[in-house]
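Data block for work-v8.csv (CSV, C-alpha atoms):
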```csv
chain,number,residue,atom,x,y,z
A,1,MET,CA,0.0,0.0,0.0
A,2,LYS,CA,2.8,2.4,1.0
A,3,SER,CA,4.7,1.6,-2.1
A,4,LEU,CA,1.5,2.2,-4.2
A,5,ILE,CA,1.1,5.7,-2.7
A,6,LEU,CA,4.7,6.5,-3.3
A,7,HIS,CA,4.4,5.3,-6.9
A,8,VAL,CA,1.4,7.5,-7.5
A,9,TRP,CA,3.1,10.5,-5.9
A,10,HIS,CA,6.3,9.8,-7.9
A,11,GLN,CA,4.3,9.7,-11.1
A,12,SER,CA,1.8,12.5,-10.6
A,13,GLY,CA,3.2,14.6,-7.8
A,14,LEU,CA,4.3,17.3,-10.2
A,15,LEU,CA,0.9,17.4,-12.0
A,16,LEU,CA,-0.9,17.7,-8.6
A,17,ALA,CA,1.5,20.5,-7.5
A,18,THR,CA,1.2,22.5,-10.7
A,19,GLY,CA,-2.5,22.0,-10.7
A,20,PHE,CA,-2.8,23.3,-7.1
A,21,PHE,CA,-0.5,26.2,-7.8
A,22,PHE,CA,-2.4,27.4,-10.9
A,23,GLY,CA,-5.7,26.8,-9.2
A,24,LEU,CA,-4.7,29.0,-6.3
A,25,THR,CA,-3.3,31.7,-8.6
A,26,LEU,CA,-6.4,31.8,-10.8
A,27,GLY,CA,-8.6,31.9,-7.7
A,28,VAL,CA,-6.8,35.0,-6.4
A,29,ALA,CA,-6.8,36.6,-9.8
A,30,GLN,CA,-10.6,36.0,-10.1
A,31,VAL,CA,-11.3,37.6,-6.7
A,32,TRP,CA,-9.1,40.5,-7.6
A,33,LEU,CA,-10.1,41.2,-11.2
A,34,GLU,CA,-13.8,40.1,-11.5
A,35,PRO,CA,-15.2,43.3,-9.8
A,36,ARG,CA,-13.2,45.4,-12.3
A,37,ILE,CA,-14.4,43.3,-15.3
A,38,GLN,CA,-18.0,43.7,-14.2
A,39,ALA,CA,-17.5,47.4,-13.7
A,40,ASN,CA,-16.1,47.7,-17.3
A,41,ARG,CA,-19.2,45.9,-18.7
A,42,LEU,CA,-21.5,48.2,-16.7
A,43,SER,CA,-19.7,51.4,-17.7
A,44,GLU,CA,-19.8,50.4,-21.3
A,45,THR,CA,-23.6,50.1,-21.1
A,46,LEU,CA,-24.0,53.3,-19.1
A,47,ASP,CA,-21.8,55.2,-21.6
A,48,ARG,CA,-24.2,54.3,-24.4
A,49,ILE,CA,-27.3,55.5,-22.7
A,50,PRO,CA,-27.1,59.2,-23.9
A,51,ASP,CA,-26.9,57.9,-27.5
A,52,LEU,CA,-29.9,55.5,-27.1
A,53,VAL,CA,-32.4,57.8,-25.4
A,54,PRO,CA,-32.8,61.4,-26.7
A,55,GLY,CA,-32.3,64.0,-23.9
A,56,ALA,CA,-30.5,61.6,-21.6
A,57,VAL,CA,-27.1,62.6,-20.2
A,58,SER,CA,-26.5,59.7,-17.8
A,59,GLY,CA,-28.0,56.5,-16.6
A,60,ARG,CA,-28.2,54.1,-13.7
A,61,ALA,CA,-28.8,50.4,-13.3
A,62,SER,CA,-32.3,49.5,-12.1
A,63,GLY,CA,-32.8,45.7,-11.7
A,64,ARG,CA,-32.3,44.1,-15.0
A,65,GLU,CA,-32.9,47.3,-16.9
A,66,PHE,CA,-31.2,50.7,-17.0
A,67,GLU,CA,-32.9,54.1,-16.4
A,68,ALA,CA,-31.9,57.0,-18.6
A,69,LEU,CA,-31.6,60.3,-16.7
A,70,ASP,CA,-31.9,63.8,-18.2
A,71,ALA,CA,-29.8,66.9,-17.1
A,72,GLU,CA,-32.1,67.4,-14.1
A,73,GLY,CA,-31.6,63.8,-12.9
A,74,LEU,CA,-35.1,62.8,-13.8
A,75,VAL,CA,-35.9,59.5,-15.5
A,76,CYS,CA,-36.6,60.2,-19.2
A,77,GLY,CA,-36.5,56.7,-20.7
A,78,THR,CA,-35.2,53.1,-20.2
A,79,VAL,CA,-32.6,50.9,-21.7
A,80,THR,CA,-33.1,47.2,-22.0
A,81,ARG,CA,-30.9,44.3,-23.2
A,82,ALA,CA,-31.8,42.0,-26.0
A,83,GLY,CA,-30.1,39.2,-27.8
A,84,GLY,CA,-30.2,36.9,-30.8
A,85,GLY,CA,-28.2,34.4,-32.7
A,86,GLY,CA,-26.2,35.8,-35.6
A,87,PHE,CA,-24.0,34.2,-38.3
A,88,GLY,CA,-20.9,33.9,-36.1
A,89,GLY,CA,-22.4,33.5,-32.6
A,90,PRO,CA,-24.7,35.4,-30.2
A,91,ILE,CA,-25.4,39.1,-30.8
A,92,GLU,CA,-26.1,41.3,-27.7
A,93,LEU,CA,-28.0,44.5,-28.1
A,94,LEU,CA,-29.0,47.5,-26.0
A,95,LEU,CA,-32.4,49.1,-26.8
A,96,GLY,CA,-33.4,52.6,-25.8
A,97,TRP,CA,-37.0,53.3,-25.0
A,98,LYS,CA,-39.1,56.4,-24.5
A,99,GLY,CA,-42.5,55.1,-23.3
A,100,GLN,CA,-43.6,52.7,-26.0
A,101,GLU,CA,-41.3,54.0,-28.7
A,102,LEU,CA,-37.9,52.5,-29.6
A,103,THR,CA,-35.4,55.4,-29.7
A,104,GLY,CA,-32.1,53.7,-30.3
A,105,VAL,CA,-30.2,50.4,-30.8
A,106,TYR,CA,-26.6,49.6,-30.0
A,107,ILE,CA,-24.7,46.4,-30.6
A,108,LEU,CA,-23.0,45.5,-27.3
A,109,ALA,CA,-21.3,42.3,-28.5
A,110,GLN,CA,-21.2,40.5,-31.8
A,111,ASN,CA,-18.9,38.0,-33.6
A,112,GLU,CA,-19.9,38.5,-37.2
A,113,THR,CA,-17.8,38.2,-40.3
A,114,PRO,CA,-15.4,41.3,-40.4
A,115,GLY,CA,-16.2,43.6,-43.3
A,116,LEU,CA,-19.6,42.0,-44.0
A,117,GLY,CA,-21.6,41.0,-40.9
A,118,THR,CA,-19.9,43.7,-38.9
A,119,ARG,CA,-21.9,46.3,-40.9
A,120,ILE,CA,-24.7,45.7,-38.4
A,121,THR,CA,-22.7,47.9,-36.0
A,122,ASP,CA,-23.0,50.8,-38.5
A,123,PRO,CA,-24.5,53.7,-36.4
A,124,ASP,CA,-26.6,55.1,-39.4
A,125,TRP,CA,-28.1,51.7,-40.0
A,126,LEU,CA,-29.0,51.3,-36.4
A,127,LYS,CA,-30.6,54.7,-36.4
A,128,SER,CA,-33.2,53.4,-38.9
A,129,PHE,CA,-34.8,51.3,-36.0
A,130,ALA,CA,-35.7,54.4,-34.1
A,131,GLY,CA,-39.4,55.2,-34.2
A,132,CYS,CA,-40.6,51.5,-34.0
A,133,GLN,CA,-43.5,51.1,-31.6
A,134,ARG,CA,-44.0,48.4,-29.0
A,135,GLY,CA,-46.6,45.9,-30.3
A,136,THR,CA,-45.8,46.4,-34.0
A,137,ALA,CA,-43.1,44.2,-35.6
A,138,CYS,CA,-40.4,45.9,-37.6
A,139,VAL,CA,-40.1,44.4,-41.1
A,140,LEU,CA,-36.8,43.7,-42.8
A,141,ASN,CA,-36.4,45.5,-46.2
A,142,GLU,CA,-39.5,47.6,-45.5
A,143,ASP,CA,-39.0,49.5,-42.2
A,144,VAL,CA,-35.2,48.7,-42.1
A,145,ASP,CA,-32.9,47.9,-45.0
A,146,GLY,CA,-30.9,44.6,-44.9
A,147,TRP,CA,-27.2,44.6,-45.6
A,148,THR,CA,-26.1,43.0,-48.9
A,149,GLY,CA,-23.8,40.1,-48.0
A,150,ALA,CA,-25.0,40.1,-44.4
A,151,THR,CA,-28.5,38.8,-44.6
A,152,ILE,CA,-28.3,36.5,-41.6
A,153,SER,CA,-26.7,39.1,-39.4
A,154,SER,CA,-29.2,41.8,-40.5
A,155,LYS,CA,-32.1,39.4,-39.8
A,156,ALA,CA,-30.7,38.4,-36.4
A,157,VAL,CA,-30.7,42.1,-35.3
A,158,VAL,CA,-34.2,42.6,-36.6
A,159,ASP,CA,-35.5,39.4,-34.9
A,160,ALA,CA,-33.8,40.4,-31.6
A,161,VAL,CA,-35.5,43.9,-31.8
A,162,ASN,CA,-38.9,42.3,-32.7
A,163,THR,CA,-38.6,40.0,-29.7
A,164,ALA,CA,-38.4,43.1,-27.6
A,165,LEU,CA,-41.1,44.9,-29.5
A,166,ILE,CA,-43.6,42.0,-29.2
A,167,PRO,CA,-42.5,40.2,-26.0
A,168,GLU,CA,-45.6,37.9,-25.9
A,169,VAL,CA,-45.3,36.6,-29.4
A,170,GLY,CA,-41.5,36.7,-29.9
A,171,HIS,CA,-40.2,36.9,-33.4
A,172,GLU,CA,-42.0,35.2,-36.3
B,173,MET,CA,21.3,14.9,-25.9
B,174,SER,CA,23.5,16.7,-23.2
B,175,GLU,CA,22.7,20.3,-22.4
B,176,SER,CA,26.1,21.5,-23.7
B,177,SER,CA,25.3,20.4,-27.3
B,178,LEU,CA,22.1,22.5,-27.4
B,179,PRO,CA,22.1,26.1,-28.6
B,180,THR,CA,23.2,28.8,-26.1
B,181,PRO,CA,20.7,31.4,-24.8
B,182,GLY,CA,22.1,34.0,-27.4
B,183,GLU,CA,21.6,31.5,-30.3
B,184,ARG,CA,18.1,30.6,-29.0
B,185,PHE,CA,17.2,34.3,-29.1
B,186,VAL,CA,18.6,35.1,-32.6
B,187,ASN,CA,17.2,31.9,-34.1
B,188,GLY,CA,13.7,32.7,-32.9
B,189,VAL,CA,13.6,36.1,-34.7
B,190,LEU,CA,14.3,35.1,-38.3
B,191,PRO,CA,16.1,31.8,-38.9
B,192,GLU,CA,13.5,29.8,-37.0
B,193,ASN,CA,10.7,32.4,-37.2
B,194,PRO,CA,7.6,30.6,-35.7
B,195,VAL,CA,5.3,31.9,-38.5
B,196,PHE,CA,7.3,32.1,-41.7
B,197,ARG,CA,9.8,29.2,-41.0
B,198,GLN,CA,8.0,26.8,-38.6
B,199,LEU,CA,4.5,27.6,-39.9
B,200,LEU,CA,3.2,27.3,-36.3
B,201,GLY,CA,0.3,29.1,-34.6
B,202,LEU,CA,-1.3,30.1,-37.8
B,203,CYS,CA,-4.8,30.5,-36.3
B,204,PRO,CA,-4.1,33.9,-34.7
B,205,VAL,CA,-1.9,34.8,-37.6
B,206,LEU,CA,-4.8,34.6,-40.0
B,207,ALA,CA,-7.6,35.6,-37.6
B,208,VAL,CA,-6.4,38.8,-35.7
B,209,THR,CA,-4.3,40.5,-38.4
B,210,ALA,CA,-7.1,42.6,-39.9
B,211,THR,CA,-5.8,45.6,-37.9
B,212,LEU,CA,-2.3,46.4,-36.6
B,213,ALA,CA,-3.6,47.2,-33.1
B,214,SER,CA,-5.1,43.8,-32.5
B,215,ALA,CA,-2.0,42.1,-34.0
B,216,LEU,CA,0.2,44.0,-31.5
B,217,THR,CA,-2.0,43.1,-28.6
B,218,MET,CA,-2.2,39.4,-29.6
B,219,SER,CA,1.7,39.4,-29.9
B,220,PHE,CA,2.0,40.9,-26.5
B,221,ALA,CA,-0.4,38.3,-25.0
B,222,VAL,CA,1.5,35.4,-26.7
B,223,ALA,CA,4.8,36.8,-25.5
B,224,VAL,CA,3.7,36.9,-21.8
B,225,VAL,CA,2.3,33.4,-22.0
B,226,LEU,CA,5.3,32.0,-23.8
B,227,LEU,CA,7.8,33.6,-21.4
B,228,GLY,CA,5.8,32.4,-18.3
B,229,ALA,CA,5.3,28.9,-19.6
B,230,ASN,CA,8.9,28.5,-20.8
B,231,VAL,CA,10.4,29.7,-17.4
B,232,VAL,CA,8.0,27.6,-15.3
B,233,VAL,CA,8.6,24.4,-17.5
B,234,SER,CA,12.4,25.0,-17.3
B,235,LEU,CA,12.3,25.3,-13.5
B,236,ILE,CA,10.4,22.1,-13.1
B,237,ARG,CA,12.1,20.1,-15.9
B,238,GLY,CA,13.9,17.9,-13.4
B,239,TRP,CA,10.7,16.4,-12.1
B,240,LEU,CA,8.9,16.0,-15.5
B,241,ARG,CA,7.8,12.4,-16.2
B,242,PRO,CA,8.0,11.8,-20.0
B,243,HIS,CA,4.5,10.4,-20.4
B,244,LEU,CA,2.9,13.2,-18.4
B,245,ARG,CA,4.9,16.1,-19.8
B,246,ILE,CA,2.3,17.3,-22.3
B,247,VAL,CA,-0.4,17.4,-19.6
B,248,VAL,CA,1.9,19.6,-17.4
B,249,PHE,CA,2.8,21.9,-20.4
B,250,THR,CA,-0.9,22.3,-21.2
B,251,LEU,CA,-1.8,23.0,-17.5
B,252,THR,CA,1.0,25.6,-17.3
B,253,ILE,CA,0.0,27.3,-20.6
B,254,ALA,CA,-3.7,27.3,-19.7
B,255,GLY,CA,-3.0,28.8,-16.3
B,256,PHE,CA,-1.0,31.7,-17.9
B,257,VAL,CA,-3.5,32.2,-20.7
B,258,THR,CA,-6.4,32.5,-18.3
B,259,LEU,CA,-4.4,35.0,-16.2
B,260,VAL,CA,-3.7,37.1,-19.3
B,261,ASP,CA,-7.3,36.9,-20.5
B,262,LYS,CA,-8.7,38.1,-17.2
B,263,THR,CA,-6.1,40.8,-16.9
B,264,MET,CA,-6.9,42.1,-20.4
B,265,ALA,CA,-10.6,42.1,-19.7
B,266,ALA,CA,-10.0,44.1,-16.5
B,267,PHE,CA,-7.4,46.6,-17.8
B,268,LEU,CA,-7.7,46.6,-21.6
B,269,TYR,CA,-11.4,46.0,-22.0
B,270,PRO,CA,-12.0,47.3,-25.6
B,271,MET,CA,-9.1,45.3,-27.0
B,272,SER,CA,-10.2,42.2,-25.0
B,273,LYS,CA,-13.6,42.5,-26.7
B,274,GLU,CA,-12.0,42.9,-30.1
B,275,LEU,CA,-9.8,39.8,-29.8
B,276,GLY,CA,-12.8,37.9,-28.4
B,277,PRO,CA,-12.3,34.1,-28.4
B,278,TYR,CA,-8.7,34.3,-29.9
B,279,LEU,CA,-7.3,35.2,-26.5
B,280,PRO,CA,-8.4,32.0,-24.7
B,281,LEU,CA,-7.4,30.1,-27.9
B,282,ILE,CA,-3.7,30.9,-27.2
B,283,ILE,CA,-3.9,27.7,-25.0
B,284,VAL,CA,-3.9,25.6,-28.2
B,285,ASN,CA,-1.3,27.8,-30.0
B,286,CYS,CA,1.3,25.2,-30.9
B,287,ILE,CA,4.2,27.7,-30.8
B,288,ILE,CA,4.1,27.6,-27.0
B,289,ILE,CA,3.8,23.9,-26.5
B,290,CYS,CA,6.5,23.4,-29.2
B,291,ARG,CA,9.0,25.7,-27.4
B,292,CYS,CA,8.2,24.0,-24.0
B,293,GLU,CA,9.0,20.7,-25.7
B,294,VAL,CA,12.0,21.8,-27.8
B,295,CYS,CA,13.8,24.1,-25.4
B,296,ALA,CA,12.3,24.7,-21.9
B,297,SER,CA,12.1,21.1,-20.9
B,298,LYS,CA,15.7,20.5,-21.8
B,299,GLN,CA,17.6,23.7,-21.0
B,300,GLY,CA,18.0,26.1,-18.0
B,301,VAL,CA,15.9,29.2,-17.2
B,302,GLY,CA,18.3,31.6,-19.1
B,303,ALA,CA,18.1,29.7,-22.4
B,304,ALA,CA,14.3,29.1,-21.9
B,305,ALA,CA,13.7,32.9,-21.3
B,306,ALA,CA,15.9,33.9,-24.3
B,307,ASP,CA,14.1,31.4,-26.5
B,308,ALA,CA,10.7,32.8,-25.4
B,309,LEU,CA,11.8,36.4,-26.1
B,310,GLY,CA,13.3,35.5,-29.5
B,311,GLN,CA,10.3,33.5,-30.6
B,312,SER,CA,7.9,36.2,-29.4
B,313,LEU,CA,9.8,38.8,-31.3
B,314,GLY,CA,9.7,36.7,-34.4
B,315,PHE,CA,5.9,36.1,-33.9
B,316,THR,CA,5.4,39.9,-33.4
B,317,LEU,CA,7.3,40.8,-36.5
B,318,ALA,CA,5.3,38.3,-38.6
B,319,LEU,CA,2.0,39.4,-37.2
B,320,CYS,CA,2.8,43.1,-37.7
B,321,ALA,CA,4.0,42.5,-41.3
B,322,ILE,CA,0.8,40.8,-42.3
B,323,ALA,CA,-1.4,43.2,-40.3
B,324,SER,CA,0.2,46.3,-41.8
B,325,VAL,CA,-0.4,45.1,-45.3
B,326,ARG,CA,-4.0,44.1,-44.6
B,327,GLU,CA,-5.0,47.2,-42.7
B,328,LEU,CA,-3.2,49.6,-45.2
B,329,LEU,CA,-4.9,48.0,-48.3
B,330,GLY,CA,-8.1,47.0,-46.7
B,331,ALA,CA,-9.0,50.1,-44.6
B,332,GLY,CA,-6.4,52.7,-45.8
B,333,THR,CA,-5.2,53.2,-42.2
B,334,LEU,CA,-2.4,52.1,-39.9
B,335,LEU,CA,-3.1,51.8,-36.1
B,336,GLY,CA,-6.3,53.7,-36.9
B,337,PHE,CA,-4.6,56.7,-38.5
B,338,GLN,CA,-5.5,57.5,-42.1
B,339,VAL,CA,-2.4,56.8,-44.3
B,340,MET,CA,-3.7,56.2,-47.8
B,341,PRO,CA,-5.3,59.2,-49.7
B,342,ALA,CA,-9.0,59.6,-49.2
B,343,ALA,CA,-9.6,58.5,-52.8
B,344,TRP,CA,-8.1,55.0,-52.0
B,345,PRO,CA,-10.7,52.3,-52.9
B,346,GLU,CA,-10.6,50.2,-49.7
B,347,TRP,CA,-9.9,46.6,-50.7
B,348,VAL,CA,-12.5,44.9,-48.4
B,349,VAL,CA,-11.2,41.5,-49.3
B,350,MET,CA,-8.0,42.3,-47.5
B,351,ILE,CA,-9.8,42.6,-44.1
B,352,LEU,CA,-11.8,39.4,-44.8
B,353,PRO,CA,-10.2,35.9,-44.2
B,354,PRO,CA,-9.1,35.5,-47.8
B,355,GLY,CA,-7.0,38.6,-47.5
B,356,ALA,CA,-5.1,37.0,-44.6
B,357,PHE,CA,-4.2,34.0,-46.8
B,358,PHE,CA,-3.2,36.2,-49.8
B,359,THR,CA,-0.9,38.3,-47.6
B,360,PHE,CA,0.6,35.4,-45.8
B,361,GLY,CA,1.3,33.5,-49.0
B,362,LEU,CA,2.8,36.5,-50.8
B,363,LEU,CA,5.0,37.4,-47.8
B,364,MET,CA,6.2,33.7,-47.6
B,365,ALA,CA,7.0,33.8,-51.3
B,366,LEU,CA,8.9,37.1,-50.9
B,367,LEU,CA,10.9,35.7,-48.0
B,368,SER,CA,11.7,32.5,-50.0
B,369,VAL,CA,12.8,34.5,-53.0
B,370,ILE,CA,15.1,36.7,-50.8
B,371,GLN,CA,16.6,33.5,-49.2
B,372,LEU,CA,17.1,31.8,-52.6
B,373,HIS,CA,18.7,35.0,-53.9
B,374,ARG,CA,21.1,35.2,-51.0
B,375,GLU,CA,22.1,31.5,-51.3
B,376,HIS,CA,22.6,31.9,-55.0
B,377,ARG,CA,25.0,34.9,-54.4
B,378,ARG,CA,26.9,32.9,-51.7
B,379,VAL,CA,27.5,30.0,-54.2
B,380,VAL,CA,28.6,32.4,-57.0
```
Can the structure from this file be put into structure tokens for me?
Amino acid sequence: MKSLILHVWHQSGLLLATGFFFGLTLGVAQVWLEPRIQANRLSETLDRIPDLVPGAVSGRASGREFEALDAEGLVCGTVTRAGGGGFGGPIELLLGWKGQELTGVYILAQNETPGLGTRITDPDWLKSFAGCQRGTACVLNEDVDGWTGATISSKAVVDAVNTALIPEVGHE
Amino acid sequence: MSESSLPTPGERFVNGVLPENPVFRQLLGLCPVLAVTATLASALTMSFAVAVVLLGANVVVSLIRGWLRPHLRIVVFTLTIAGFVTLVDKTMAAFLYPMSKELGPYLPLIIVNCIIICRCEVCASKQGVGAAAADALGQSLGFTLALCAIASVRELLGAGTLLGFQVMPAAWPEWVVMILPPGAFFTFGLLMALLSVIQLHREHRRVV
């Protein structure tokens, strides 16, 4: 029995020791860095709020949503998250709302084909979503133009927006 | 092979830059070479991340080389590399968030970058810390040069910029194909051909 333990230690001791060392190091790094990573994600969202809701100058987190605040500190709209599946992976969006009206769209994360699918991040194209009303679906190539060479990516954004516009039904 | 018959730290460093360039001579780690060279900024960041991981992994493997069991060495290399890559990935997400977002999955993918495991196997598991560190620095420099060469051509022709600054005249018709994956293959192939022509030319002159 003793010789077996010695044999196992002789063979795998280094593996156990390096595993323990890196596990400990990564644990410390996680505790130290995670709050900063979360703060980066939050500040990226908050920085976008003035572009998403007209009249807003800042924002604050409120549960799962974000509230847009005007110059006097009053709530002038909300910002919600939405998501969908694109050509290269999940697409994350931020949607700005004023009452029932969609006022702005921003692509928070995407992994689409550079030069083609990444056109969905074009600010002018995203502006064309503004004015959609909750309860009415936004139609690709009617309300919003699709990108040539990025049909799937364009459709993914429109579907994600529609899921937010008609929460009960979801996209078609 | 005894340690004295292996290259010295100085030779290891010089070899890594051009004679044994990881990209153009060993054709290793081509995934990031093709994937993150659409812009010079992302190529530089990726090179820096690879350099940190390569240096860390080479030094650690060299320090523990006396205890390595031959049949378990690859597992220990992978564990060491994965540890350093996760550290670099988390640190970038905390301190260089926009670049970490741009590089996306290619940062964690450094774990499977064969340059690093190759250097652990070829150099760090056989030589002392000095040679392992010099080897890591030389190979990283070679990798950085290769990535920057490809990224400069692609960004310049594809977007008309370098590091985001406009270089080409405004009338330049941006060659979108250069930013797309085929552009990476074109540029890589042409640069390889150019290097081979230069080498052939030099050898020819030496013979004559």
Exercise for the section: Tell me which of B:Arg378, B:Arg326, B:His373, B:Lys262 sits closest to chain A, counting all atoms listed in the file. Expected result: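 Of all the options, B:Lys262 lies closest to chain A.
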Handout entry: Proximity to chain B - best of A:Trp97, A:Gly85, A:Gly115, A:Ala156, only C-alpha atoms
Key =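 Of the candidates, the smallest distance to chain B is held by A:Gly115.
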Counting all atoms listed in the file, give me one row per residue of chain A with an atom at most 10 Å from an atom of chain B, showing the shortest contact pair and its distance in Å to one decimal, sorted by chain then residue number, as CSV.
```
residue,atom,partner,partner_atom,distance
A:His10,CA,B:Arg241,CA,8.8
A:Gln11,CA,B:Arg241,CA,6.7
A:Ser12,CA,B:Leu244,CA,7.9
A:Gly13,CA,B:Trp239,CA,8.8
A:Leu14,CA,B:Trp239,CA,6.7
A:Leu15,CA,B:Val248,CA,5.9
A:Leu16,CA,B:Val248,CA,9.4
A:Ala17,CA,B:Val248,CA,9.9
A:Thr18,CA,B:Thr252,CA,7.3
A:Gly19,CA,B:Leu251,CA,6.9
A:Phe21,CA,B:Gly255,CA,9.2
A:Phe22,CA,B:Gly255,CA,5.6
A:Gly23,CA,B:Gly255,CA,7.9
A:Thr25,CA,B:Gly255,CA,8.2
A:Leu26,CA,B:Leu259,CA,6.6
A:Gly27,CA,B:Leu259,CA,10.0
A:Ala29,CA,B:Leu259,CA,7.0
A:Gln30,CA,B:Lys262,CA,7.6
A:Trp32,CA,B:Ala266,CA,9.6
A:Leu33,CA,B:Ala266,CA,6.0
A:Glu34,CA,B:Ala266,CA,7.4
A:Pro35,CA,B:Ala266,CA,8.5
A:Arg36,CA,B:Ala266,CA,5.4
A:Ile37,CA,B:Ala266,CA,4.6
A:Gln38,CA,B:Ala266,CA,8.3
A:Ala39,CA,B:Ala266,CA,8.7
A:Asn40,CA,B:Tyr269,CA,6.9
A:Arg41,CA,B:Tyr269,CA,8.5
A:Glu44,CA,B:Pro270,CA,9.4
A:Leu108,CA,B:Lys273,CA,9.9
A:Ala109,CA,B:Lys273,CA,7.9
A:Gln110,CA,B:Lys273,CA,9.4
A:Asn111,CA,B:Gly276,CA,8.0
A:Thr113,CA,B:Leu352,CA,7.6
A:Pro114,CA,B:Leu352,CA,6.0
A:Gly115,CA,B:Leu352,CA,6.3
A:Leu116,CA,B:Leu352,CA,8.3
```
I need the chosen residues saved as a JSON list (two decimals), in the frame of the given file, with C-alpha atoms.
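As written to disk, selection-v1.json reads:
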```
[["chain", "number", "residue", "atom", "x", "y", "z"],
["A", 10, "HIS", "CA", 6.30, 9.80, -7.90],
["A", 11, "GLN", "CA", 4.30, 9.70, -11.10],
["A", 12, "SER", "CA", 1.80, 12.50, -10.60],
["A", 13, "GLY", "CA", 3.20, 14.60, -7.80],
["A", 14, "LEU", "CA", 4.30, 17.30, -10.20],
["A", 15, "LEU", "CA", 0.90, 17.40, -12.00],
["A", 16, "LEU", "CA", -0.90, 17.70, -8.60],
["A", 17, "ALA", "CA", 1.50, 20.50, -7.50],
["A", 18, "THR", "CA", 1.20, 22.50, -10.70],
["A", 19, "GLY", "CA", -2.50, 22.00, -10.70],
["A", 21, "PHE", "CA", -0.50, 26.20, -7.80],
["A", 22, "PHE", "CA", -2.40, 27.40, -10.90],
["A", 23, "GLY", "CA", -5.70, 26.80, -9.20],
["A", 25, "THR", "CA", -3.30, 31.70, -8.60],
["A", 26, "LEU", "CA", -6.40, 31.80, -10.80],
["A", 27, "GLY", "CA", -8.60, 31.90, -7.70],
["A", 29, "ALA", "CA", -6.80, 36.60, -9.80],
["A", 30, "GLN", "CA", -10.60, 36.00, -10.10],
["A", 32, "TRP", "CA", -9.10, 40.50, -7.60],
["A", 33, "LEU", "CA", -10.10, 41.20, -11.20],
["A", 34, "GLU", "CA", -13.80, 40.10, -11.50],
["A", 35, "PRO", "CA", -15.20, 43.30, -9.80],
["A", 36, "ARG", "CA", -13.20, 45.40, -12.30],
["A", 37, "ILE", "CA", -14.40, 43.30, -15.30],
["A", 38, "GLN", "CA", -18.00, 43.70, -14.20],
["A", 39, "ALA", "CA", -17.50, 47.40, -13.70],
["A", 40, "ASN", "CA", -16.10, 47.70, -17.30],
["A", 41, "ARG", "CA", -19.20, 45.90, -18.70],
["A", 44, "GLU", "CA", -19.80, 50.40, -21.30],
["A", 108, "LEU", "CA", -23.00, 45.50, -27.30],
["A", 109, "ALA", "CA", -21.30, 42.30, -28.50],
["A", 110, "GLN", "CA", -21.20, 40.50, -31.80],
["A", 111, "ASN", "CA", -18.90, 38.00, -33.60],
["A", 113, "THR", "CA", -17.80, 38.20, -40.30],
["A", 114, "PRO", "CA", -15.40, 41.30, -40.40],
["A", 115, "GLY", "CA", -16.20, 43.60, -43.30],
["A", 116, "LEU", "CA", -19.60, 42.00, -44.00]]
```
Practice task
Go through A:Val144, A:Val8, A:Ala68, A:Val157 and flag the residue nearest Phe129 (chain A), using all atoms listed in the file for the distances.
Solution key: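 So, comparing all the options, the nearest one is A:Val144.
Relative to CA of Leu199 (chain B), CA of Gln371 (chain B) is found at 16.4 Å.
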Problem - Residues within 8 Å of (19.4, 32.2, -26.9), file coords, all atoms listed in the file, listed as JSON, numbers by chain - result: {"B": [179, 180, 181, 182, 183, 184, 185, 186, 187, 302, 303, 304, 306, 307, 310]}
Practice task
Name the residues in contact with Asp51 (chain A) at a cut-off of 12 Å, using only C-alpha atoms, excluding same-chain residues fewer than 2 positions from it; report them as a VMD selection string.
Solution key: chain A and resid 45 to 49 53 to 59 68 77 79 94 to 97 103 to 106 123 126 to 127 130
